[in-house]
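Chemist: This is final.txt (compact mmCIF, C-alpha atoms).
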```
# COMPACT_ATOMS: atom_id res chain seq x y z
CA MET A 1 16.37 -13.42 -11.88
CA ILE A 2 14.52 -10.16 -11.96
CA THR A 3 13.20 -9.35 -15.41
CA PHE A 4 12.06 -5.89 -16.39
CA THR A 5 12.24 -3.29 -19.13
CA LEU A 6 15.13 -0.87 -18.78
CA ASN A 7 15.27 2.17 -21.04
CA GLY A 8 13.11 0.31 -23.53
CA GLU A 9 15.04 -2.97 -23.52
CA ASN A 10 14.03 -6.23 -21.87
CA VAL A 11 16.70 -7.12 -19.35
CA SER A 12 17.28 -9.54 -16.53
CA SER A 13 19.21 -8.88 -13.35
CA ARG A 14 20.96 -11.21 -10.97
CA ALA A 15 20.29 -8.84 -8.10
CA GLU A 16 18.79 -9.96 -4.81
CA PRO A 17 15.21 -8.70 -4.35
CA MET A 18 16.14 -6.31 -1.54
CA ASP A 19 19.20 -4.89 -3.31
CA ARG A 20 18.83 -1.21 -4.06
CA LEU A 21 17.63 -0.51 -7.59
CA LEU A 22 20.20 2.32 -7.66
CA ASP A 23 23.04 -0.17 -7.29
CA VAL A 24 21.55 -2.43 -9.95
CA LEU A 25 21.28 0.49 -12.38
CA ARG A 26 24.74 1.90 -11.73
CA GLY A 27 26.65 -1.30 -10.96
CA GLU A 28 25.11 -4.06 -12.99
CA PHE A 29 23.92 -2.01 -15.95
CA GLY A 30 26.53 0.77 -15.93
CA LEU A 31 23.96 3.56 -16.06
CA HIS A 32 25.31 6.59 -14.23
CA GLY A 33 22.40 8.96 -14.69
CA PRO A 34 20.90 8.21 -11.26
CA LYS A 35 23.26 9.24 -8.47
CA GLU A 36 23.55 8.53 -4.78
CA GLY A 37 23.17 11.73 -2.80
CA CYS A 38 21.81 10.46 0.48
CA GLY A 39 20.87 6.79 0.24
CA GLU A 40 17.70 7.50 2.22
CA GLY A 41 15.18 8.63 -0.37
CA GLU A 42 15.39 12.30 0.63
CA CYS A 43 17.50 14.08 -1.99
CA GLY A 44 16.12 12.79 -5.27
CA ALA A 45 19.51 12.54 -7.01
CA CYS A 46 18.73 8.88 -7.70
CA ALA A 47 15.31 9.53 -9.22
CA CYS A 48 14.12 7.47 -12.16
CA LEU A 49 10.75 6.68 -13.71
CA ILE A 50 9.01 3.38 -13.06
CA ASP A 51 5.96 2.96 -15.31
CA GLY A 52 6.17 6.71 -15.87
CA GLU A 53 6.06 7.60 -12.16
CA LEU A 54 8.90 9.21 -10.25
CA HIS A 55 10.68 6.90 -7.79
CA ASN A 56 13.84 7.16 -5.69
CA SER A 57 15.93 4.22 -6.86
CA CYS A 58 18.03 4.18 -3.67
CA ILE A 59 15.02 3.02 -1.66
CA THR A 60 13.38 0.89 -4.34
CA PRO A 61 13.90 -2.84 -3.85
CA ALA A 62 15.19 -4.43 -7.05
CA GLY A 63 12.45 -7.02 -6.73
CA ALA A 64 9.80 -4.32 -6.90
CA VAL A 65 10.58 -3.64 -10.59
CA GLN A 66 9.88 -7.21 -11.66
CA GLY A 67 7.67 -6.93 -14.74
CA HIS A 68 7.78 -3.14 -14.78
CA SER A 69 9.34 -0.48 -16.98
CA VAL A 70 12.27 1.58 -15.68
CA VAL A 71 13.59 4.70 -17.40
CA THR A 72 16.72 6.49 -16.25
CA LEU A 73 18.23 9.71 -17.49
CA ASP A 74 20.52 7.60 -19.66
CA GLY A 75 17.52 6.41 -21.69
CA PHE A 76 15.51 9.59 -21.43
CA ARG A 77 18.38 11.52 -23.05
CA GLN A 78 17.42 10.10 -26.45
CA THR A 79 14.02 11.78 -26.43
CA PRO A 80 12.84 15.13 -27.82
CA GLN A 81 11.37 15.93 -24.38
CA TYR A 82 14.86 15.63 -22.90
CA ARG A 83 16.40 17.78 -25.62
CA LEU A 84 14.00 20.61 -24.86
CA LEU A 85 14.65 20.34 -21.12
CA GLU A 86 18.39 20.35 -21.77
CA GLU A 87 17.96 23.54 -23.77
CA THR A 88 15.82 25.31 -21.18
CA PHE A 89 17.93 24.14 -18.22
CA ALA A 90 20.98 25.66 -19.94
CA GLU A 91 19.15 28.84 -20.91
CA ALA A 92 17.74 29.40 -17.42
CA GLY A 93 21.05 28.75 -15.69
CA ALA A 94 19.54 25.76 -13.87
CA VAL A 95 22.77 23.75 -13.78
CA GLN A 96 25.76 24.57 -11.58
CA CYS A 97 27.54 21.52 -10.23
CA GLY A 98 25.08 19.31 -12.06
CA PHE A 99 24.71 16.65 -9.37
CA CYS A 100 21.00 17.22 -8.82
CA THR A 101 20.34 17.71 -12.51
CA PRO A 102 19.54 14.14 -13.56
CA GLY A 103 17.03 13.82 -10.72
CA MET A 104 15.56 17.24 -11.45
CA THR A 105 15.24 16.29 -15.13
CA MET A 106 13.38 13.09 -14.29
CA ALA A 107 11.13 15.03 -11.91
CA ALA A 108 10.46 17.54 -14.68
CA GLN A 109 9.52 14.75 -17.08
CA ALA A 110 7.29 13.21 -14.39
CA ILE A 111 5.25 16.39 -13.92
CA LEU A 112 5.13 17.49 -17.57
CA SER A 113 3.93 14.07 -18.69
CA LYS A 114 1.02 14.40 -16.21
CA ASN A 115 0.45 18.13 -16.57
CA PRO A 116 1.87 19.81 -19.69
CA HIS A 117 1.15 23.32 -18.39
CA PRO A 118 1.99 23.36 -14.69
CA ASP A 119 2.02 26.64 -12.79
CA LYS A 120 5.04 27.52 -10.67
CA ASP A 121 3.52 26.11 -7.47
CA THR A 122 2.84 22.81 -9.20
CA ILE A 123 6.43 22.72 -10.44
CA ARG A 124 7.69 23.47 -6.93
CA GLU A 125 5.72 20.56 -5.56
CA ALA A 126 6.92 18.32 -8.39
CA ILE A 127 10.56 18.95 -7.47
CA SER A 128 9.94 19.05 -3.71
CA GLY A 129 11.79 15.73 -3.40
CA ASN A 130 14.88 16.97 -5.22
CA LEU A 131 17.49 18.88 -3.25
CA CYS A 132 19.87 21.37 -4.89
CA ARG A 133 22.72 22.94 -2.94
CA CYS A 134 23.80 25.32 -5.67
CA THR A 135 21.07 27.14 -7.52
CA GLY A 136 18.48 28.13 -4.95
CA TYR A 137 15.87 26.35 -7.10
CA ASN A 138 14.36 29.35 -8.89
CA MET A 139 16.34 28.79 -12.09
CA ILE A 140 15.28 25.17 -12.13
CA ILE A 141 11.64 26.15 -11.76
CA ASP A 142 12.08 28.70 -14.56
CA ALA A 143 13.68 26.03 -16.77
CA ILE A 144 10.78 23.64 -16.34
CA SER A 145 8.26 26.43 -16.87
CA LEU A 146 10.06 27.46 -20.04
CA ALA A 147 10.06 23.89 -21.34
CA ALA A 148 6.31 23.70 -20.73
CA GLU A 149 5.84 26.95 -22.62
CA ARG A 150 7.86 25.79 -25.61
CA GLY A 151 6.66 22.19 -25.39
CA HIS A 152 3.82 22.40 -28.02
CA GLY A 153 2.57 18.86 -28.06
CA LEU A 154 5.69 17.22 -26.64
CA TRP A 155 3.76 16.47 -23.45
CA MET B 21 20.60 -15.66 -0.83
CA VAL B 22 17.19 -14.16 -0.13
CA ASN B 23 14.01 -15.96 -1.12
CA ALA B 24 11.62 -13.55 -2.77
CA TYR B 25 7.94 -14.19 -3.35
CA TYR B 26 5.73 -12.21 -5.72
CA PRO B 27 2.12 -13.15 -4.88
CA LYS B 28 -0.45 -12.30 -7.53
CA SER B 29 -3.26 -11.93 -5.01
CA ALA B 30 -3.94 -11.29 -1.34
CA ASP B 31 -4.89 -14.93 -0.82
CA GLU B 32 -1.65 -16.09 -2.39
CA ALA B 33 0.29 -13.68 -0.16
CA LEU B 34 -1.43 -15.13 2.92
CA ARG B 35 -0.65 -18.70 1.90
CA ILE B 36 3.00 -17.81 1.35
CA ARG B 37 3.22 -16.13 4.74
CA HIS B 38 1.56 -19.16 6.30
CA ALA B 39 4.24 -21.34 4.74
CA HIS B 40 6.99 -18.93 5.80
CA PRO B 41 5.89 -17.33 9.08
CA GLY B 42 7.73 -14.17 9.89
CA ALA B 43 8.72 -13.57 6.26
CA GLN B 44 9.50 -9.89 5.70
CA LEU B 45 6.58 -7.98 4.20
CA VAL B 46 7.59 -5.27 1.75
CA CYS B 47 5.47 -3.13 -0.49
CA GLY B 48 6.88 0.27 -1.44
CA GLY B 49 9.98 -0.35 0.65
CA THR B 50 10.39 3.30 1.59
CA ASP B 51 10.91 2.40 5.24
CA ALA B 52 12.36 -1.12 4.92
CA MET B 53 15.05 -0.02 2.47
CA VAL B 54 16.31 2.64 4.85
CA ARG B 55 16.21 0.48 7.97
CA LYS B 56 17.79 -2.46 6.11
CA VAL B 57 16.57 -5.25 8.38
CA PRO B 58 17.98 -8.47 6.89
CA ALA B 59 15.56 -11.29 6.11
CA GLU B 60 15.75 -14.71 4.52
CA ASP B 61 12.27 -14.63 3.05
CA VAL B 62 10.68 -11.54 1.55
CA ILE B 63 7.12 -11.22 0.27
CA LEU B 64 6.76 -8.35 -2.22
CA LEU B 65 3.13 -7.29 -1.89
CA GLY B 66 3.11 -4.81 -4.77
CA SER B 67 2.59 -7.63 -7.26
CA ALA B 68 -0.83 -8.52 -5.79
CA ALA B 69 -3.28 -6.53 -7.90
CA ASP B 70 -6.25 -6.94 -5.55
CA LEU B 71 -4.25 -5.41 -2.70
CA LYS B 72 -4.31 -2.11 -4.56
CA ASP B 73 -8.10 -1.91 -4.71
CA VAL B 74 -10.10 0.79 -2.94
CA THR B 75 -13.66 -0.36 -2.39
CA ARG B 76 -16.84 0.66 -0.56
CA GLU B 77 -17.88 -1.95 1.98
CA LYS B 78 -21.49 -2.95 2.61
CA ASP B 79 -21.88 -0.61 5.57
CA GLY B 80 -20.39 2.29 3.63
CA ARG B 81 -16.90 2.01 5.11
CA LEU B 82 -14.03 2.51 2.69
CA LEU B 83 -11.53 -0.32 2.38
CA ILE B 84 -8.10 0.78 1.19
CA GLY B 85 -5.98 -2.11 -0.03
CA ALA B 86 -2.62 -2.52 1.67
CA ALA B 87 -0.67 -2.04 -1.56
CA ALA B 88 -2.45 1.09 -2.80
CA THR B 89 0.26 3.74 -3.05
CA TYR B 90 -0.15 7.29 -1.79
CA ALA B 91 0.09 8.50 -5.41
CA GLN B 92 -2.77 6.20 -6.44
CA LEU B 93 -4.83 7.32 -3.45
CA LEU B 94 -4.34 10.99 -4.32
CA ARG B 95 -5.98 10.26 -7.68
CA ASN B 96 -8.90 8.41 -6.08
CA PRO B 97 -11.96 10.59 -5.45
CA LEU B 98 -13.43 8.07 -2.98
CA LEU B 99 -10.96 9.13 -0.34
CA PRO B 100 -12.07 11.80 2.15
CA ASP B 101 -10.53 15.24 1.60
CA ILE B 102 -8.77 15.19 4.95
CA LEU B 103 -6.84 12.10 3.95
CA HIS B 104 -5.86 13.64 0.61
CA ARG B 105 -4.62 16.67 2.50
CA CYS B 106 -2.61 14.48 4.83
CA ILE B 107 -1.06 12.43 2.03
CA THR B 108 -0.05 15.56 0.12
CA GLY B 109 2.14 16.48 3.09
CA ILE B 110 3.95 13.16 3.18
CA ALA B 111 7.58 13.15 2.06
CA SER B 112 7.88 13.86 -1.66
CA PRO B 113 6.34 12.83 -4.99
CA ALA B 114 8.82 10.00 -5.48
CA VAL B 115 8.22 8.57 -2.01
CA ARG B 116 4.45 8.88 -2.53
CA SER B 117 4.81 6.78 -5.69
CA ALA B 118 5.81 3.88 -3.45
CA GLY B 119 4.57 4.42 0.12
CA THR B 120 1.29 3.02 1.44
CA ILE B 121 -1.10 3.68 4.32
CA ALA B 122 -0.86 0.08 5.50
CA GLY B 123 2.92 0.48 5.54
CA ASN B 124 2.61 3.60 7.68
CA VAL B 125 0.36 1.71 10.12
CA CYS B 126 2.51 -1.41 10.23
CA ASN B 127 5.70 0.60 10.78
CA ALA B 128 3.85 2.45 13.57
CA PRO B 129 6.31 5.30 13.96
CA PRO B 130 5.28 7.90 16.56
CA ALA B 131 5.32 10.60 13.88
CA GLY B 132 3.42 8.54 11.30
CA ASP B 133 1.59 11.16 9.26
CA THR B 134 -1.50 9.12 8.44
CA LEU B 135 -2.12 8.02 12.03
CA PRO B 136 -4.01 11.02 13.46
CA VAL B 137 -6.29 11.06 10.43
CA LEU B 138 -6.88 7.31 10.66
CA TYR B 139 -7.68 7.67 14.36
CA ILE B 140 -10.41 10.24 13.78
CA LEU B 141 -11.80 8.14 10.92
CA ASP B 142 -12.16 5.18 13.31
CA ALA B 143 -9.84 3.18 11.06
CA GLN B 144 -9.51 -0.57 11.39
CA ALA B 145 -6.67 -2.78 10.25
CA VAL B 146 -8.01 -5.70 8.22
CA ILE B 147 -5.75 -8.65 8.94
CA GLY B 148 -5.71 -11.91 7.03
CA ARG B 149 -4.33 -15.33 7.74
CA ALA B 150 -4.36 -18.55 5.74
CA ALA B 151 -5.70 -21.61 7.57
CA GLU B 152 -4.15 -25.07 7.18
CA ASP B 153 -6.56 -25.97 4.39
CA GLY B 154 -5.57 -22.85 2.43
CA THR B 155 -8.76 -20.85 3.08
CA CYS B 156 -8.18 -17.29 4.21
CA VAL B 157 -9.77 -15.80 7.30
CA PHE B 158 -9.85 -12.16 8.29
CA ARG B 159 -10.13 -10.21 11.52
CA ARG B 160 -10.40 -6.49 12.15
CA GLU B 161 -8.76 -4.41 14.84
CA PRO B 162 -9.09 -0.68 15.45
CA VAL B 163 -5.79 0.90 14.48
CA PRO B 164 -5.20 2.47 17.94
CA GLU B 165 -5.34 -1.04 19.43
CA PHE B 166 -3.40 -2.65 16.58
CA ILE B 167 -0.52 -0.30 17.31
CA LYS B 168 0.93 -1.49 20.59
CA GLY B 169 3.92 0.78 20.90
CA VAL B 170 6.71 2.42 18.99
CA ARG B 171 7.10 0.25 15.88
CA LYS B 172 5.15 -2.53 17.59
CA ILE B 173 1.96 -3.95 16.13
CA ASP B 174 -0.43 -6.74 16.98
CA LEU B 175 0.44 -8.91 14.00
CA ALA B 176 1.21 -12.62 14.25
CA PRO B 177 4.02 -14.13 12.13
CA ASP B 178 1.44 -15.79 9.86
CA GLU B 179 -0.71 -12.67 9.39
CA ILE B 180 -0.69 -9.86 6.85
CA VAL B 181 -2.57 -6.56 6.95
CA THR B 182 -4.51 -6.67 3.70
CA GLY B 183 -6.26 -3.34 4.06
CA ILE B 184 -7.24 -0.37 6.18
CA SER B 185 -10.96 0.34 6.59
CA LEU B 186 -12.28 3.85 7.28
CA ASP B 187 -15.64 4.97 8.68
CA LEU B 188 -16.68 7.21 5.78
CA PRO B 189 -20.39 7.57 6.62
CA SER B 190 -19.90 9.32 9.95
CA TYR B 191 -17.08 11.46 8.59
CA ALA B 192 -19.34 12.57 5.74
CA ASP B 193 -21.68 14.15 8.32
CA MET B 194 -18.96 16.28 9.86
CA ASN B 195 -19.25 19.96 8.98
CA HIS B 196 -15.96 20.98 10.57
CA ARG B 197 -12.73 19.43 9.39
CA TYR B 198 -9.17 20.41 10.14
CA TYR B 199 -5.76 18.99 9.40
CA GLU B 200 -2.41 20.54 10.12
CA LYS B 201 1.08 19.16 9.94
CA VAL B 202 3.73 21.27 11.60
CA GLY B 203 7.24 20.61 10.36
CA ALA B 204 10.45 22.32 9.36
CA ARG B 205 9.54 22.30 5.66
CA LYS B 206 6.50 21.90 3.43
CA ALA B 207 7.87 18.64 2.09
CA GLU B 208 10.27 15.95 3.27
CA ALA B 209 9.68 16.77 6.91
CA ILE B 210 9.01 14.50 9.83
CA SER B 211 6.34 16.36 11.73
CA LYS B 212 7.00 18.13 15.00
CA VAL B 213 3.29 17.97 15.71
CA SER B 214 0.38 16.93 13.57
CA PHE B 215 -3.32 17.41 14.21
CA ALA B 216 -6.46 15.97 12.67
CA ALA B 217 -9.93 16.98 13.78
CA CYS B 218 -13.53 16.83 12.75
CA ALA B 219 -16.79 17.81 14.37
CA ARG B 220 -20.47 18.13 13.66
CA THR B 221 -22.35 21.11 15.00
CA ALA B 222 -26.07 21.61 14.62
CA SER B 223 -27.31 24.99 13.58
CA GLY B 224 -30.74 26.30 14.42
CA ALA B 225 -33.10 23.72 15.85
CA GLY B 226 -32.38 20.32 14.38
CA GLU B 227 -34.93 17.65 13.53
CA ASP B 228 -34.52 16.21 16.99
CA GLY B 229 -34.98 19.64 18.51
CA ALA B 230 -31.35 19.94 19.59
CA PRO B 231 -30.71 23.57 20.52
CA ALA B 232 -28.85 25.78 18.11
CA GLY B 233 -25.13 25.27 17.90
CA THR B 234 -24.89 21.95 19.76
CA ILE B 235 -21.70 19.99 19.28
CA GLU B 236 -23.01 16.59 18.17
CA ALA B 237 -19.69 14.98 17.33
CA PHE B 238 -16.14 15.89 18.18
CA ARG B 239 -12.96 14.02 17.33
CA VAL B 240 -9.38 15.22 17.57
CA SER B 241 -6.10 13.38 17.30
CA PHE B 242 -2.53 14.56 17.84
CA GLY B 243 0.55 13.07 16.13
CA SER B 244 4.22 13.06 17.10
CA VAL B 245 3.53 13.80 20.75
CA GLY B 246 3.18 10.28 22.08
CA VAL B 247 4.11 6.70 21.46
CA SER B 248 1.53 6.76 18.69
CA ALA B 249 -1.16 9.24 17.69
CA LEU B 250 -3.32 10.34 20.61
CA ARG B 251 -7.08 10.49 20.81
CA PHE B 252 -9.15 10.79 24.00
CA PRO B 253 -12.72 9.54 23.46
CA ASP B 254 -13.61 10.32 27.07
CA LEU B 255 -12.77 14.00 26.65
CA GLU B 256 -14.64 13.99 23.33
CA ARG B 257 -17.76 12.59 25.01
CA GLU B 258 -17.63 15.42 27.56
CA ILE B 259 -17.59 17.98 24.79
CA CYS B 260 -20.43 16.38 22.82
CA GLY B 261 -23.71 17.79 23.94
CA MET B 262 -22.25 21.19 24.85
CA THR B 263 -23.38 24.09 22.76
CA VAL B 264 -20.69 25.92 20.85
CA ARG B 265 -21.18 28.88 23.17
CA GLU B 266 -20.78 26.70 26.24
CA ALA B 267 -17.60 25.14 24.84
CA ALA B 268 -16.27 28.61 24.05
CA GLY B 269 -16.92 29.64 27.63
CA LYS B 270 -15.00 26.59 28.86
CA ARG B 271 -12.19 27.00 26.34
CA GLU B 272 -9.32 27.30 28.82
CA LEU B 273 -10.64 24.44 30.92
CA LEU B 274 -11.00 22.14 27.89
CA LEU B 275 -7.52 23.00 26.66
CA SER B 276 -6.07 22.26 30.09
CA ARG B 277 -7.93 18.94 30.28
CA TYR B 278 -6.33 17.94 26.98
CA MET B 279 -2.88 19.27 27.86
CA GLU B 280 -2.89 17.24 31.08
CA ARG B 281 -2.99 14.10 28.93
CA ILE B 282 -0.35 15.10 26.38
CA HIS B 283 3.32 14.76 27.32
CA PRO B 284 5.53 15.58 24.37
CA ILE B 285 9.25 14.91 24.42
CA SER B 286 12.21 16.96 23.34
CA ASP B 287 14.27 15.47 20.51
CA GLN B 288 16.37 16.55 17.55
CA ARG B 289 13.33 18.00 15.84
CA SER B 290 11.69 20.02 18.57
CA THR B 291 11.25 20.67 22.26
CA ALA B 292 8.54 19.41 24.58
CA GLU B 293 7.56 22.99 25.33
CA TYR B 294 7.15 23.95 21.66
CA ARG B 295 5.19 20.83 20.86
CA GLY B 296 2.94 21.35 23.87
CA GLN B 297 2.25 24.93 22.92
CA VAL B 298 1.51 24.00 19.31
CA CYS B 299 -0.91 21.25 20.40
CA ARG B 300 -2.67 23.76 22.59
CA ASN B 301 -2.81 26.34 19.78
CA LEU B 302 -4.13 23.88 17.20
CA LEU B 303 -6.82 22.54 19.51
CA GLY B 304 -7.78 26.08 20.49
CA THR B 305 -8.02 27.11 16.85
CA PHE B 306 -10.24 24.14 16.10
CA LEU B 307 -12.49 24.81 19.08
CA ASP B 308 -12.81 28.45 18.05
CA SER B 309 -13.66 27.42 14.49
CA LEU B 310 -16.76 25.56 15.66
CA ALA B 311 -18.47 28.93 15.89
CA ASP B 312 -18.03 29.34 12.11
CA PHE B 313 -20.87 27.69 10.30
CA PRO B 314 -19.77 26.58 6.80
```
How does the structure come out when it is put into structure tokens?
Modeler:
Amino acid sequence: MITFTLNGENVSSRAEPMDRLLDVLRGEFGLHGPKEGCGEGECGACACLIDGELHNSCITPAGAVQGHSVVTLDGFRQTPQYRLLEETFAEAGAVQCGFCTPGMTMAAQAILSKNPHPDKDTIREAISGNLCRCTGYNMIIDAISLAAERGHGLW
Amino acid sequence: MVNAYYPKSADEALRIRHAHPGAQLVCGGTDAMVRKVPAEDVILLGSAADLKDVTREKDGRLLIGAAATYAQLLRNPLLPDILHRCITGIASPAVRSAGTIAGNVCNAPPAGDTLPVLYILDAQAVIGRAAEDGTCVFRREPVPEFIKGVRKIDLAPDEIVTGISLDLPSYADMNHRYYEKVGARKAEAISKVSFAACARTASGAGEDGAPAGTIEAFRVSFGSVGVSALRFPDLEREICGMTVREAAGKRELLLSRYMERIHPISDQRSTAEYRGQVCRNLLGTFLDSLADFP
């Protein structure tokens, strides 16, 4: 059994240690926030936070989360930080098909929790592991920048 | 049904591997999870806290624990700037949260980003093994010798690389440092060519009376253009002792001597010709930069 904290709850998983965390999250726990875009750790659609750090769940062994804390978009959605990002992503036009959006949101949370006032280059680097085929990225960068501006103590 | 082991320390990891020789070693998993090599026994090294330590050794070398992630290393001021620069160019933030230097060495891919930097830092793999009575013994091997070929390393089934040791003291003396990774993108790119270099030039008349502008140390390493990173100590020894002016005068000759030894290949990322030209350009730029005194 692999025991860990998932979106704030203590859980245990019957997964094998080398099963992909992505499959555990989506299959065993029914959390569809993280998505499979590439299965190789390149696109970031599967991104989640492990102990507050951004990880690609498609290349994370399930065993590696033993004793750690995992947060997916599904859990993050309940937070005021998410609500602000949702607002600024909508306002900036940062969502088209929406497939990259969960990963982008987790990447945004990852950088803002480390650096509440990132400049645009820092934001670019923070989302450099998240691919978007629709927006051309600038709106996403604007959305994160806007959230930082309006954040006042959220991060 | 896979047997997973979560050692709490390096010693425990070594004893487990001794009991299960050939058990798969996984830390971040960023390579293993893509290559999906099946194994019956897996040792997850990330649970061993002491494998994440970064410590100064008695002789001043820096020992980087095998499980220290790139993200952790970027936050650690003990690491030399050139290694920080190199790590920043690896993959993406999420991959850097999991990947490790020891993993890069043990995977030994020809385009391994850390390898040229490790080569010029005279890096050693620190390799542990548990003896029958449970005590742990360690040996060290220079990384260029530890890497035997493409994805081939000199590691016995009962051994684990517990750390990578860098020669910080001699790097600290270098007054010229250069790192460049050439790839299709700023992030998430396997390099077409990478280049790490450092040198020490004396200015004026040094304490030992060395004439102005003598090249006292010179180290360069090229990545992605060979079976592993390339470094040619014999060519470096020829350059040491030259003055900067002399080396400038021999620029074309020195570049040719290097290019004779480098035989890049053409693949899906680049052509042999492009890679060769870029190697030549980077080395030339570094040689030219020796005339700039910081």
Chemist: Please list, as a count of residues only, the residues that have an atom at most 12 Å away from (23.3, -3.8, -15.3) in the coordinates of this file, counting all atoms listed in the file.
Modeler: 26
Chemist: Could you give me, as a VMD selection string, the residues within 10 Å of A:Thr88, counting all atoms listed in the file and dropping anything in the same chain fewer than 5 positions from it?
Modeler: chain A and resid 82 to 83 93 to 94 139 to 140 142 to 148 150
Chemist: For the residues in the current selection, export C-alpha atoms as a PDB file, keeping the file's coordinate frame.
Modeler:
```
ATOM      1  CA  TYR A  82      14.860  15.630 -22.900  1.00  0.00           C
ATOM      2  CA  ARG A  83      16.400  17.780 -25.620  1.00  0.00           C
ATOM      3  CA  GLY A  93      21.050  28.750 -15.690  1.00  0.00           C
ATOM      4  CA  ALA A  94      19.540  25.760 -13.870  1.00  0.00           C
ATOM      5  CA  MET A 139      16.340  28.790 -12.090  1.00  0.00           C
ATOM      6  CA  ILE A 140      15.280  25.170 -12.130  1.00  0.00           C
ATOM      7  CA  ASP A 142      12.080  28.700 -14.560  1.00  0.00           C
ATOM      8  CA  ALA A 143      13.680  26.030 -16.770  1.00  0.00           C
ATOM      9  CA  ILE A 144      10.780  23.640 -16.340  1.00  0.00           C
ATOM     10  CA  SER A 145       8.260  26.430 -16.870  1.00  0.00           C
ATOM     11  CA  LEU A 146      10.060  27.460 -20.040  1.00  0.00           C
ATOM     12  CA  ALA A 147      10.060  23.890 -21.340  1.00  0.00           C
ATOM     13  CA  ALA A 148       6.310  23.700 -20.730  1.00  0.00           C
ATOM     14  CA  ARG A 150       7.860  25.790 -25.610  1.00  0.00           C
TER      15      ARG A 150
END
```
Chemist: Do a neighbour search on B:Pro177 at 12 Å with all atoms listed in the file, toss out local chain neighbours closer than 6 positions, and write the hits as a count of residues only.
Modeler: 15
Chemist: Any chance you could tabulate, as a tab-separated table, the residues of chain A at most 6 Å from chain B with each one's nearest atom pair and distance in Å to one decimal, using all atoms listed in the file, in chain and rising number order?
Modeler:
```
residue	atom	partner	partner_atom	distance
A:Glu40	CA	B:Val54	CA	5.7
A:Leu54	CA	B:Ala114	CA	4.8
A:His55	CA	B:Ala114	CA	4.3
A:Asn56	CA	B:Ala114	CA	5.8
A:Ile59	CA	B:Met53	CA	5.1
A:Ser128	CA	B:Ser112	CA	5.9
A:Gly129	CA	B:Ser112	CA	4.7
```
Chemist: What separation in Å, quoted to one decimal, exists between atom CA of A:Ile111 and atom CA of A:Leu49?
Modeler: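 Atom CA of A:Ile111 sits 11.2 Å away from atom CA of A:Leu49.
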Chemist: Choose the residue, out of A:Ala108, A:Val71, A:Cys132, A:Ile127, that has the smallest atom-to-atom separation from A:Phe89; count all atoms listed in the file.
Modeler: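 Using all atoms listed in the file, the shortest distance to A:Phe89 belongs to A:Ala108.
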